[in-house]
Amino acid sequence: MVISEIKYWPNRVISGVRAIKKLPKLMESLHLRRATVICGKTVFEGEIFKIVKETLGAKLVGVFNESAAQTPISTIKNGLDVVKANNSDVLISVGGGSTIDTAKGISILKASAGDLIAYAIPRGGRGIMEKRSLPGETITHIAIPTTAGSASEVMPTAGIRDPETKEKLLFWDPKIVPTAAILDPELAIYAGPTLTASTGMTAMARCVEAVYSAQRNSISNGLAIHAMRLLYKSLSLSVVEPENVQARGDCQQAALMSGVAAINAMVSFIHAFGHVAGGLYGLQHGLVHTILLPPAMQLLLPSVGKDQKFLLEALGIDNDLSEFNGSKLASDLMFELIESLPLPKNLCELGIEQNKLSELAANTMEDYMMFYSPRPIKKSEIIAILESVW
C-alpha cells in the first residue's frame with residue numbers, strides 16, 4: 001500500500017437549515033464580540049445581509065462590502081483599513097469564494113504587516129513546500145458560503161489577483177483556514193442560476209482532479225466520489241428549483257467534501273489553467289473549469305485504471321469496465337451535465353483569444369499544481385485540449 005497523509009481538515013462546521021442562527025452562540029464560545037462582515041455589494045443589498053445583520057445584533061460593528069471577483073489586491077488593502085478602524089476581533093465572510101478569499105487576504109495582510117508577495121507561492125515551484133509560513137497569529141474568521149461550491153470555507157488556500165501584472169497570487173497556510181464554517185442552504189437560494197452552476201462545477205472539477213491526482217488516496221477518493229454523487233444529483237436541480245433547500249444543502253456539503261479531498265490529494269491541470277486564465281482575464285474559475293473538465297477527464301482518467309469504476313458509479317453507471325471506454329463514457333456524461341447548465345461552452349465565449357492559447361499553455365506548465373498530475377503532461381497536449389474547446 002502506498003503511504004498517504006491527511007494533513008488538512010475543517011476546523012468546525014455547522015450545517016443545516018437555519019444554521020445561521022447558531023452564529024451568536026458560536027461567537028460567544030470563541031469569546032468574540034466585535035464582528036466585521038465581509039461581503040460583496042449583491043449580498044449587502046439583498047436579503048442575506050438583512051438576515052446576518054439581524055442575527056448578529058450588537059455584535060456587528062462594521063461592514064466591508066467591496067468584495068469583488070478574483071479578489072483584487074486593492075480590495076483587501078481597503079478591507080484591512082476598515083477592520084482596523086472597527087477594532088474587530090472576528091471577520092465574518094458572507095458570499096462565494098472571492099468573498100471568503102477577501103477575508104483570508106485581509107488576515108494575511110494583517111499577519112504579515114502588509115507584505116503579501118513574501119508569502120505567495122512562487123511560480124514554477126514543485127508544490128507548497130517552497131512558500132513561507134505566515135508569522136504570528138491571524139484574526140479569527142468565520143465563513144458563511146452562499147454559493148454552490150467554493151470550499152474556501154475549509155481550505156488553507158487563497159487566490160488574490162494583481163490587476164497590474166494580471167497574475168493570480170496564490171497562498172497556502174494552515175493559519176488561514178477559517179475557524180468555523182456555517183453552511184445554511186436557505187442562504188444559498190439567493191444565488192442565481194449561472195452563479196449556482198459555475199460554482200457547483202468548480203466543486204465538480206475538484207472532485208474529478210482529486211480522483212486522478214498523483215497523490216490520491218482512499219480517504220480523498222471517498223470524499224471526492226460521494227461529493228461527485230451529490231453534485232451530479234443536485235446541481236441541475238438547484239438551478240431549476242432555486243428554493244429546493246435539500247438540493248442546495250447537497251451542493252454545500254459536496255463542495256465542502258470536494259475541498260477537503262482536493263487539498264489532501266491535490267488538483268492539477270484544470271485548476272492550473274484556471275489560475276492562469278483567471279489572472280489574465282479576471283474570469284470566474286467555474287467558467288473555465290467547466291469547459292476544460294470533459295477533455296481533461298478523457299486525457300487523465302486512464303491513469304487511475306480500474307478506479308475509474310468508482311467515478312462512473314457516482315455518475316450513475318454500474319457496469320464492468322471491460323464493457324466500455326471508461327474515461328470516454330465519464331467525459332460524455334459530464335458533458336451532458338454541462339449541457340443542461342446555463343454556462344458558456346467554449347473559451348471563445350469567455351473572451352480568450354485563439355492566438356493566446358500557446359502562451360496560456362506555457363504559463364499553465366509553470367503553475368505549481370501541475371506537479372500533482374497523474375502523469376507528465378506535455379505543452380502540446382494542453383494546446384490540443386485548448387484548441388478543442390476554443
# chains A, B, ... in the order shown; residues from 1 in each chain; ligands from 1
call {"tool": "residues_around", "arguments": {"residues": "Thr71 in chain A", "least_positions_apart": "5", "cutoff": "6 Å", "atoms": "only C-alpha atoms", "output": "number ranges by chain"}}
result
A: 98, 102, 160-161
call {"tool": "write_last_selection", "arguments": {"atoms": "all heavy atoms", "output": "mmCIF file, in the first residue's frame"}}
result
data_model
loop_
_atom_site.group_PDB
_atom_site.id
_atom_site.type_symbol
_atom_site.label_atom_id
_atom_site.label_comp_id
_atom_site.auth_asym_id
_atom_site.auth_seq_id
_atom_site.Cartn_x
_atom_site.Cartn_y
_atom_site.Cartn_z
ATOM 1 N N SER A 98 -14.655 34.280 -3.703
ATOM 2 C CA SER A 98 -13.903 35.536 -3.720
ATOM 3 C C SER A 98 -14.096 36.317 -2.419
ATOM 4 O O SER A 98 -13.166 36.955 -1.923
ATOM 5 C CB SER A 98 -14.335 36.406 -4.907
ATOM 6 O OG SER A 98 -13.956 35.824 -6.127
ATOM 7 N N THR A 102 -11.328 37.178 0.226
ATOM 8 C CA THR A 102 -11.092 38.557 0.650
ATOM 9 C C THR A 102 -10.796 38.600 2.146
ATOM 10 O O THR A 102 -9.849 39.270 2.597
ATOM 11 C CB THR A 102 -12.312 39.446 0.336
ATOM 12 O OG1 THR A 102 -12.510 39.485 -1.083
ATOM 13 C CG2 THR A 102 -12.111 40.869 0.845
ATOM 14 N N ILE A 160 -5.405 35.748 -4.816
ATOM 15 C CA ILE A 160 -5.569 37.202 -4.834
ATOM 16 C C ILE A 160 -4.988 37.728 -6.144
ATOM 17 O O ILE A 160 -3.828 37.443 -6.471
ATOM 18 C CB ILE A 160 -4.868 37.846 -3.624
ATOM 19 C CG1 ILE A 160 -5.520 37.338 -2.322
ATOM 20 C CG2 ILE A 160 -4.938 39.365 -3.699
ATOM 21 C CD1 ILE A 160 -4.755 37.709 -1.076
ATOM 22 N N ARG A 161 -5.786 38.489 -6.894
ATOM 23 C CA ARG A 161 -5.353 38.937 -8.218
ATOM 24 C C ARG A 161 -4.653 40.288 -8.142
ATOM 25 O O ARG A 161 -5.117 41.201 -7.452
ATOM 26 C CB ARG A 161 -6.546 39.026 -9.165
ATOM 27 C CG ARG A 161 -6.166 39.367 -10.603
ATOM 28 C CD ARG A 161 -7.377 39.271 -11.511
ATOM 29 N NE ARG A 161 -7.017 39.477 -12.902
ATOM 30 C CZ ARG A 161 -7.293 40.574 -13.609
ATOM 31 N NH1 ARG A 161 -7.933 41.582 -13.024
ATOM 32 N NH2 ARG A 161 -6.929 40.680 -14.871
#
call {"tool": "residues_around", "arguments": {"residues": "range 170-172 of chain A", "least_positions_apart": "3", "cutoff": "10 Å", "atoms": "only C-alpha atoms", "output": "ChimeraX atom specification"}}
result
/A:101,104-105,108,116-117,119-123,128-129,131-134,155-161,167,175-177,275,367-368
call {"tool": "residues_around", "arguments": {"residues": "range 334-347 of chain A", "least_positions_apart": "4", "cutoff": "10 Å", "atoms": "only C-alpha atoms", "output": "NGL selection string"}}
result
:A and (193-198 or 201 or 204 or 232-233 or 235-236 or 239-240 or 286-288 or 290-295 or 297 or 315 or 328-330 or 351-354 or 357 or 386-390)
call {"tool": "residues_around", "arguments": {"residues": "Asp81 in chain A", "least_positions_apart": "3", "cutoff": "12 Å", "atoms": "only C-alpha atoms", "output": "VMD selection string"}}
result
chain A and resid 36 62 to 64 74 to 78 84 to 88 106 to 107 109 to 110 114
call {"tool": "write_last_selection", "arguments": {"atoms": "N, CA and C atoms", "output": "CSV table (one decimal), in the first residue's frame"}}
result
chain,number,residue,atom,x,y,z
A,36,THR,N,-16.7,42.3,12.0
A,36,THR,CA,-16.9,43.0,10.7
A,36,THR,C,-17.3,42.0,9.7
A,62,GLY,N,-19.3,46.6,12.0
A,62,GLY,CA,-18.9,47.2,10.8
A,62,GLY,C,-19.1,46.2,9.6
A,63,VAL,N,-19.1,46.8,8.4
A,63,VAL,CA,-19.3,46.0,7.2
A,63,VAL,C,-18.3,46.5,6.1
A,64,PHE,N,-17.7,45.6,5.5
A,64,PHE,CA,-16.9,45.9,4.3
A,64,PHE,C,-17.5,45.2,3.1
A,74,SER,N,-6.1,45.6,-4.2
A,74,SER,CA,-6.6,46.9,-3.6
A,74,SER,C,-7.8,46.6,-2.7
A,75,THR,N,-8.6,45.6,-3.0
A,75,THR,CA,-9.8,45.4,-2.2
A,75,THR,C,-9.4,44.9,-0.8
A,76,ILE,N,-8.4,44.0,-0.7
A,76,ILE,CA,-8.1,43.5,0.6
A,76,ILE,C,-7.4,44.6,1.4
A,77,LYS,N,-6.6,45.5,0.7
A,77,LYS,CA,-6.0,46.6,1.5
A,77,LYS,C,-7.1,47.5,2.1
A,78,ASN,N,-8.1,47.8,1.3
A,78,ASN,CA,-9.2,48.7,1.8
A,78,ASN,C,-9.9,48.0,2.9
A,84,LYS,N,-9.4,47.4,10.9
A,84,LYS,CA,-8.6,48.1,11.9
A,84,LYS,C,-9.4,49.3,12.5
A,85,ALA,N,-10.1,50.0,11.7
A,85,ALA,CA,-10.9,51.1,12.2
A,85,ALA,C,-12.0,50.6,13.1
A,86,ASN,N,-12.6,49.4,12.9
A,86,ASN,CA,-13.6,48.9,13.7
A,86,ASN,C,-13.1,48.2,14.9
A,87,ASN,N,-11.8,48.0,15.0
A,87,ASN,CA,-11.2,47.2,16.1
A,87,ASN,C,-11.9,45.9,16.3
A,88,SER,N,-12.0,45.2,15.2
A,88,SER,CA,-12.7,43.9,15.1
A,88,SER,C,-11.9,42.8,15.6
A,106,ILE,N,-7.3,39.7,3.9
A,106,ILE,CA,-7.2,40.7,5.0
A,106,ILE,C,-6.4,40.1,6.1
A,107,SER,N,-6.7,38.8,6.4
A,107,SER,CA,-6.0,38.2,7.5
A,107,SER,C,-4.5,38.0,7.2
A,109,LEU,N,-2.7,39.9,5.1
A,109,LEU,CA,-2.1,41.3,5.2
A,109,LEU,C,-1.8,41.7,6.7
A,110,LYS,N,-2.8,41.4,7.5
A,110,LYS,CA,-2.7,41.8,8.9
A,110,LYS,C,-1.5,41.1,9.6
A,114,GLY,N,1.5,43.7,6.0
A,114,GLY,CA,1.3,44.3,4.7
A,114,GLY,C,2.2,43.7,3.6
call {"tool": "closest_residue", "arguments": {"among": "A:Gly326, A:Ala214, A:His285, A:Lys41", "to": "Arg375 in chain A", "atoms": "only C-alpha atoms"}}
result
A:Ala214
call {"tool": "select_by_dssp", "arguments": {"residues": "range 7-220 of chain A", "states": "helix (DSSP H, G or I)", "output": "PyMOL selection string"}}
result
chain A and resi 19-29+41-44+47-59+73-86+97-111+117-119+128-130+152-154+174-176+185-188+193-211+218-220
call {"tool": "select_by_dssp", "arguments": {"residues": "range 7-83 of chain A", "states": "strand (DSSP E or B)", "output": "list in words"}}
result
Val13, Ile14, Ser15, Ala35, Thr36, Val37, Ile38, Leu60, Val61, Gly62, Val63, Phe64 and Pro72 of chain A
call {"tool": "write_last_selection", "arguments": {"atoms": "all heavy atoms", "output": "PDB file, in the first residue's frame"}}
result
ATOM      1  N   VAL A  13     -17.550  22.892  11.604  1.00  0.00           N
ATOM      2  CA  VAL A  13     -18.590  23.084  10.591  1.00  0.00           C
ATOM      3  C   VAL A  13     -19.958  22.943  11.245  1.00  0.00           C
ATOM      4  O   VAL A  13     -20.230  21.966  11.943  1.00  0.00           O
ATOM      5  CB  VAL A  13     -18.462  22.057   9.444  1.00  0.00           C
ATOM      6  CG1 VAL A  13     -19.581  22.265   8.425  1.00  0.00           C
ATOM      7  CG2 VAL A  13     -17.101  22.157   8.773  1.00  0.00           C
ATOM      8  N   ILE A  14     -20.810  23.946  11.028  1.00  0.00           N
ATOM      9  CA  ILE A  14     -22.200  23.898  11.470  1.00  0.00           C
ATOM     10  C   ILE A  14     -23.055  23.953  10.212  1.00  0.00           C
ATOM     11  O   ILE A  14     -22.919  24.879   9.410  1.00  0.00           O
ATOM     12  CB  ILE A  14     -22.537  25.088  12.386  1.00  0.00           C
ATOM     13  CG1 ILE A  14     -21.622  25.095  13.625  1.00  0.00           C
ATOM     14  CG2 ILE A  14     -24.000  25.039  12.815  1.00  0.00           C
ATOM     15  CD1 ILE A  14     -21.756  26.343  14.466  1.00  0.00           C
ATOM     16  N   SER A  15     -23.908  22.957  10.005  1.00  0.00           N
ATOM     17  CA  SER A  15     -24.663  22.918   8.754  1.00  0.00           C
ATOM     18  C   SER A  15     -26.123  22.575   8.996  1.00  0.00           C
ATOM     19  O   SER A  15     -26.472  21.964  10.016  1.00  0.00           O
ATOM     20  CB  SER A  15     -24.049  21.911   7.787  1.00  0.00           C
ATOM     21  OG  SER A  15     -24.129  20.597   8.310  1.00  0.00           O
ATOM     22  N   ALA A  35     -17.645  42.015  15.388  1.00  0.00           N
ATOM     23  CA  ALA A  35     -17.576  41.396  14.062  1.00  0.00           C
ATOM     24  C   ALA A  35     -17.643  42.431  12.946  1.00  0.00           C
ATOM     25  O   ALA A  35     -18.477  43.336  12.976  1.00  0.00           O
ATOM     26  CB  ALA A  35     -18.718  40.400  13.890  1.00  0.00           C
ATOM     27  N   THR A  36     -16.749  42.270  11.980  1.00  0.00           N
ATOM     28  CA  THR A  36     -16.887  42.981  10.710  1.00  0.00           C
ATOM     29  C   THR A  36     -17.313  41.967   9.656  1.00  0.00           C
ATOM     30  O   THR A  36     -16.642  40.943   9.471  1.00  0.00           O
ATOM     31  CB  THR A  36     -15.577  43.643  10.274  1.00  0.00           C
ATOM     32  OG1 THR A  36     -15.292  44.746  11.145  1.00  0.00           O
ATOM     33  CG2 THR A  36     -15.674  44.184   8.848  1.00  0.00           C
ATOM     34  N   VAL A  37     -18.424  42.233   9.000  1.00  0.00           N
ATOM     35  CA  VAL A  37     -18.902  41.358   7.933  1.00  0.00           C
ATOM     36  C   VAL A  37     -18.205  41.744   6.636  1.00  0.00           C
ATOM     37  O   VAL A  37     -18.152  42.928   6.276  1.00  0.00           O
ATOM     38  CB  VAL A  37     -20.435  41.457   7.770  1.00  0.00           C
ATOM     39  CG1 VAL A  37     -20.885  40.787   6.471  1.00  0.00           C
ATOM     40  CG2 VAL A  37     -21.124  40.815   8.966  1.00  0.00           C
ATOM     41  N   ILE A  38     -17.675  40.744   5.938  1.00  0.00           N
ATOM     42  CA  ILE A  38     -17.051  40.923   4.628  1.00  0.00           C
ATOM     43  C   ILE A  38     -18.003  40.348   3.589  1.00  0.00           C
ATOM     44  O   ILE A  38     -18.397  39.177   3.670  1.00  0.00           O
ATOM     45  CB  ILE A  38     -15.690  40.183   4.546  1.00  0.00           C
ATOM     46  CG1 ILE A  38     -14.799  40.509   5.756  1.00  0.00           C
ATOM     47  CG2 ILE A  38     -15.001  40.506   3.234  1.00  0.00           C
ATOM     48  CD1 ILE A  38     -14.389  41.943   5.877  1.00  0.00           C
ATOM     49  N   LEU A  60     -22.372  43.109  15.597  1.00  0.00           N
ATOM     50  CA  LEU A  60     -21.947  43.649  14.299  1.00  0.00           C
ATOM     51  C   LEU A  60     -21.466  45.088  14.486  1.00  0.00           C
ATOM     52  O   LEU A  60     -22.240  45.973  14.827  1.00  0.00           O
ATOM     53  CB  LEU A  60     -23.108  43.615  13.314  1.00  0.00           C
ATOM     54  CG  LEU A  60     -22.847  44.225  11.925  1.00  0.00           C
ATOM     55  CD1 LEU A  60     -21.753  43.462  11.202  1.00  0.00           C
ATOM     56  CD2 LEU A  60     -24.125  44.246  11.098  1.00  0.00           C
ATOM     57  N   VAL A  61     -20.164  45.310  14.270  1.00  0.00           N
ATOM     58  CA  VAL A  61     -19.609  46.657  14.460  1.00  0.00           C
ATOM     59  C   VAL A  61     -19.217  47.315  13.145  1.00  0.00           C
ATOM     60  O   VAL A  61     -18.852  48.498  13.128  1.00  0.00           O
ATOM     61  CB  VAL A  61     -18.388  46.632  15.412  1.00  0.00           C
ATOM     62  CG1 VAL A  61     -18.796  46.153  16.789  1.00  0.00           C
ATOM     63  CG2 VAL A  61     -17.249  45.784  14.837  1.00  0.00           C
ATOM     64  N   GLY A  62     -19.268  46.581  12.043  1.00  0.00           N
ATOM     65  CA  GLY A  62     -18.912  47.179  10.765  1.00  0.00           C
ATOM     66  C   GLY A  62     -19.106  46.238   9.600  1.00  0.00           C
ATOM     67  O   GLY A  62     -19.268  45.028   9.770  1.00  0.00           O
ATOM     68  N   VAL A  63     -19.112  46.817   8.407  1.00  0.00           N
ATOM     69  CA  VAL A  63     -19.298  46.050   7.173  1.00  0.00           C
ATOM     70  C   VAL A  63     -18.286  46.529   6.139  1.00  0.00           C
ATOM     71  O   VAL A  63     -18.088  47.743   5.972  1.00  0.00           O
ATOM     72  CB  VAL A  63     -20.722  46.231   6.604  1.00  0.00           C
ATOM     73  CG1 VAL A  63     -20.902  45.393   5.342  1.00  0.00           C
ATOM     74  CG2 VAL A  63     -21.769  45.869   7.640  1.00  0.00           C
ATOM     75  N   PHE A  64     -17.669  45.588   5.450  1.00  0.00           N
ATOM     76  CA  PHE A  64     -16.862  45.900   4.277  1.00  0.00           C
ATOM     77  C   PHE A  64     -17.524  45.197   3.109  1.00  0.00           C
ATOM     78  O   PHE A  64     -17.480  43.968   3.012  1.00  0.00           O
ATOM     79  CB  PHE A  64     -15.417  45.432   4.457  1.00  0.00           C
ATOM     80  CG  PHE A  64     -14.551  45.691   3.251  1.00  0.00           C
ATOM     81  CD1 PHE A  64     -14.197  46.982   2.897  1.00  0.00           C
ATOM     82  CD2 PHE A  64     -14.108  44.642   2.449  1.00  0.00           C
ATOM     83  CE1 PHE A  64     -13.417  47.232   1.777  1.00  0.00           C
ATOM     84  CE2 PHE A  64     -13.321  44.880   1.331  1.00  0.00           C
ATOM     85  CZ  PHE A  64     -12.977  46.180   1.002  1.00  0.00           C
ATOM     86  N   PRO A  72      -9.156  41.334  -5.903  1.00  0.00           N
ATOM     87  CA  PRO A  72      -8.051  42.250  -6.237  1.00  0.00           C
ATOM     88  C   PRO A  72      -7.278  42.690  -4.990  1.00  0.00           C
ATOM     89  O   PRO A  72      -7.844  42.814  -3.902  1.00  0.00           O
ATOM     90  CB  PRO A  72      -8.762  43.444  -6.879  1.00  0.00           C
ATOM     91  CG  PRO A  72     -10.122  42.939  -7.253  1.00  0.00           C
ATOM     92  CD  PRO A  72     -10.465  41.883  -6.261  1.00  0.00           C
TER      93      PRO A  72
END
call {"tool": "residues_around", "arguments": {"residues": "Arg33 in chain A", "least_positions_apart": "6", "cutoff": "12 Å", "atoms": "only C-alpha atoms", "output": "PyMOL selection string"}}
result
chain A and resi 23-27+56-62+86-92+140
call {"tool": "residues_around", "arguments": {"residues": "Trp9 in chain A", "least_positions_apart": "5", "cutoff": "10 Å", "atoms": "only C-alpha atoms", "output": "ChimeraX atom specification"}}
result
/A:154-156,174,177,257,259-261,263-264
call {"tool": "closest_residue", "arguments": {"among": "A:Val82, A:Ala118, A:Met266, A:Ile3", "to": "Ala210 in chain A", "atoms": "only C-alpha atoms"}}
result
A:Met266
call {"tool": "residues_around", "arguments": {"residues": "Glu137 in chain A", "least_positions_apart": "2", "cutoff": "7 Å", "atoms": "only C-alpha atoms", "output": "list in words"}}
result
Ala111, Pro135 and Ile139 of chain A
call {"tool": "atom_distance", "arguments": {"atom1": "CA of Leu360 in chain A", "atom2": "CA of Ile382 in chain A"}}
result
9.1 Å
call {"tool": "atom_distance", "arguments": {"atom1": "CA of Lys21 in chain A", "atom2": "CA of Ala69 in chain A"}}
result
27.7 Å
call {"tool": "atom_distance", "arguments": {"atom1": "CA of Lys7 in chain A", "atom2": "CA of Ala255 in chain A"}}
result
18.5 Å
call {"tool": "closest_residue", "arguments": {"among": "A:Ser93, A:Thr202, A:Ser67, A:Thr179", "to": "His271 in chain A", "atoms": "only C-alpha atoms"}}
result
A:Thr202
call {"tool": "closest_atom_pairs", "arguments": {"of": "range 251-361 of chain A", "to": "range 369-372 of chain A", "cutoff": "12 Å", "atoms": "only C-alpha atoms", "output": "Markdown table"}}
result
| residue | atom | partner | partner_atom | distance |
| --- | --- | --- | --- | --- |
| A:Ala262 | CA | A:Tyr372 | CA | 10.8 |
| A:Ile263 | CA | A:Met369 | CA | 11.0 |
| A:Asn264 | CA | A:Tyr372 | CA | 11.2 |
| A:Ala265 | CA | A:Tyr372 | CA | 8.4 |
| A:Met266 | CA | A:Tyr372 | CA | 6.4 |
| A:Val267 | CA | A:Met369 | CA | 6.3 |
| A:Ser268 | CA | A:Met369 | CA | 4.7 |
| A:Phe269 | CA | A:Met370 | CA | 5.7 |
| A:Ile270 | CA | A:Met370 | CA | 9.1 |
| A:His271 | CA | A:Met369 | CA | 7.4 |
| A:Ala272 | CA | A:Met369 | CA | 5.8 |
| A:Phe273 | CA | A:Met370 | CA | 9.3 |
| A:Gly274 | CA | A:Met369 | CA | 10.7 |
| A:His275 | CA | A:Met369 | CA | 9.7 |
| A:Val276 | CA | A:Met369 | CA | 11.4 |
| A:Leu300 | CA | A:Tyr372 | CA | 11.7 |
| A:Ala361 | CA | A:Met370 | CA | 11.4 |
call {"tool": "closest_residue", "arguments": {"among": "A:Glu366, A:Glu243, A:Glu313, A:Asp250", "to": "Ala203 in chain A", "atoms": "only C-alpha atoms"}}
result
A:Asp250
call {"tool": "closest_residue", "arguments": {"among": "A:Ile189, A:Cys207, A:Ala113, A:Ala103", "to": "Glu241 in chain A", "atoms": "only C-alpha atoms"}}
result
A:Ile189
call {"tool": "decode", "arguments": {"residues": "range 183-195 of chain A", "atoms": "N, CA, C and O atoms", "output": "PDB file, in the first residue's frame"}}
result
ATOM      1  N   LEU A 183     -22.849  26.393   7.096  1.00  0.00           N
ATOM      2  CA  LEU A 183     -23.494  26.047   5.822  1.00  0.00           C
ATOM      3  C   LEU A 183     -25.002  26.049   6.030  1.00  0.00           C
ATOM      4  O   LEU A 183     -25.551  25.131   6.643  1.00  0.00           O
ATOM      5  N   ASP A 184     -25.647  27.081   5.553  1.00  0.00           N
ATOM      6  CA  ASP A 184     -27.102  27.200   5.675  1.00  0.00           C
ATOM      7  C   ASP A 184     -27.696  27.224   4.275  1.00  0.00           C
ATOM      8  O   ASP A 184     -27.545  28.214   3.544  1.00  0.00           O
ATOM      9  N   PRO A 185     -28.375  26.146   3.866  1.00  0.00           N
ATOM     10  CA  PRO A 185     -28.897  26.102   2.485  1.00  0.00           C
ATOM     11  C   PRO A 185     -29.917  27.186   2.176  1.00  0.00           C
ATOM     12  O   PRO A 185     -30.103  27.546   1.014  1.00  0.00           O
ATOM     13  N   GLU A 186     -30.580  27.748   3.199  1.00  0.00           N
ATOM     14  CA  GLU A 186     -31.537  28.821   2.948  1.00  0.00           C
ATOM     15  C   GLU A 186     -30.856  30.100   2.482  1.00  0.00           C
ATOM     16  O   GLU A 186     -31.483  30.937   1.831  1.00  0.00           O
ATOM     17  N   LEU A 187     -29.571  30.262   2.794  1.00  0.00           N
ATOM     18  CA  LEU A 187     -28.836  31.430   2.308  1.00  0.00           C
ATOM     19  C   LEU A 187     -28.383  31.240   0.863  1.00  0.00           C
ATOM     20  O   LEU A 187     -28.091  32.218   0.170  1.00  0.00           O
ATOM     21  N   ALA A 188     -28.315  29.991   0.409  1.00  0.00           N
ATOM     22  CA  ALA A 188     -27.860  29.716  -0.960  1.00  0.00           C
ATOM     23  C   ALA A 188     -28.961  29.908  -1.993  1.00  0.00           C
ATOM     24  O   ALA A 188     -28.670  29.992  -3.189  1.00  0.00           O
ATOM     25  N   ILE A 189     -30.214  30.006  -1.560  1.00  0.00           N
ATOM     26  CA  ILE A 189     -31.297  30.084  -2.541  1.00  0.00           C
ATOM     27  C   ILE A 189     -31.287  31.409  -3.302  1.00  0.00           C
ATOM     28  O   ILE A 189     -31.944  31.537  -4.341  1.00  0.00           O
ATOM     29  N   TYR A 190     -30.533  32.386  -2.818  1.00  0.00           N
ATOM     30  CA  TYR A 190     -30.481  33.693  -3.489  1.00  0.00           C
ATOM     31  C   TYR A 190     -29.456  33.727  -4.626  1.00  0.00           C
ATOM     32  O   TYR A 190     -29.419  34.690  -5.394  1.00  0.00           O
ATOM     33  N   ALA A 191     -28.600  32.713  -4.728  1.00  0.00           N
ATOM     34  CA  ALA A 191     -27.631  32.667  -5.823  1.00  0.00           C
ATOM     35  C   ALA A 191     -28.353  32.379  -7.133  1.00  0.00           C
ATOM     36  O   ALA A 191     -29.147  31.443  -7.221  1.00  0.00           O
ATOM     37  N   GLY A 192     -28.069  33.173  -8.158  1.00  0.00           N
ATOM     38  CA  GLY A 192     -28.714  32.996  -9.450  1.00  0.00           C
ATOM     39  C   GLY A 192     -28.269  31.733 -10.164  1.00  0.00           C
ATOM     40  O   GLY A 192     -27.316  31.062  -9.739  1.00  0.00           O
ATOM     41  N   PRO A 193     -28.928  31.369 -11.253  1.00  0.00           N
ATOM     42  CA  PRO A 193     -28.640  30.107 -11.936  1.00  0.00           C
ATOM     43  C   PRO A 193     -27.212  29.995 -12.464  1.00  0.00           C
ATOM     44  O   PRO A 193     -26.587  28.934 -12.338  1.00  0.00           O
ATOM     45  N   THR A 194     -26.682  31.073 -13.044  1.00  0.00           N
ATOM     46  CA  THR A 194     -25.313  30.996 -13.586  1.00  0.00           C
ATOM     47  C   THR A 194     -24.294  30.851 -12.472  1.00  0.00           C
ATOM     48  O   THR A 194     -23.360  30.034 -12.562  1.00  0.00           O
ATOM     49  N   LEU A 195     -24.446  31.634 -11.405  1.00  0.00           N
ATOM     50  CA  LEU A 195     -23.520  31.540 -10.282  1.00  0.00           C
ATOM     51  C   LEU A 195     -23.612  30.172  -9.612  1.00  0.00           C
ATOM     52  O   LEU A 195     -22.592  29.565  -9.259  1.00  0.00           O
TER      53      LEU A 195
END
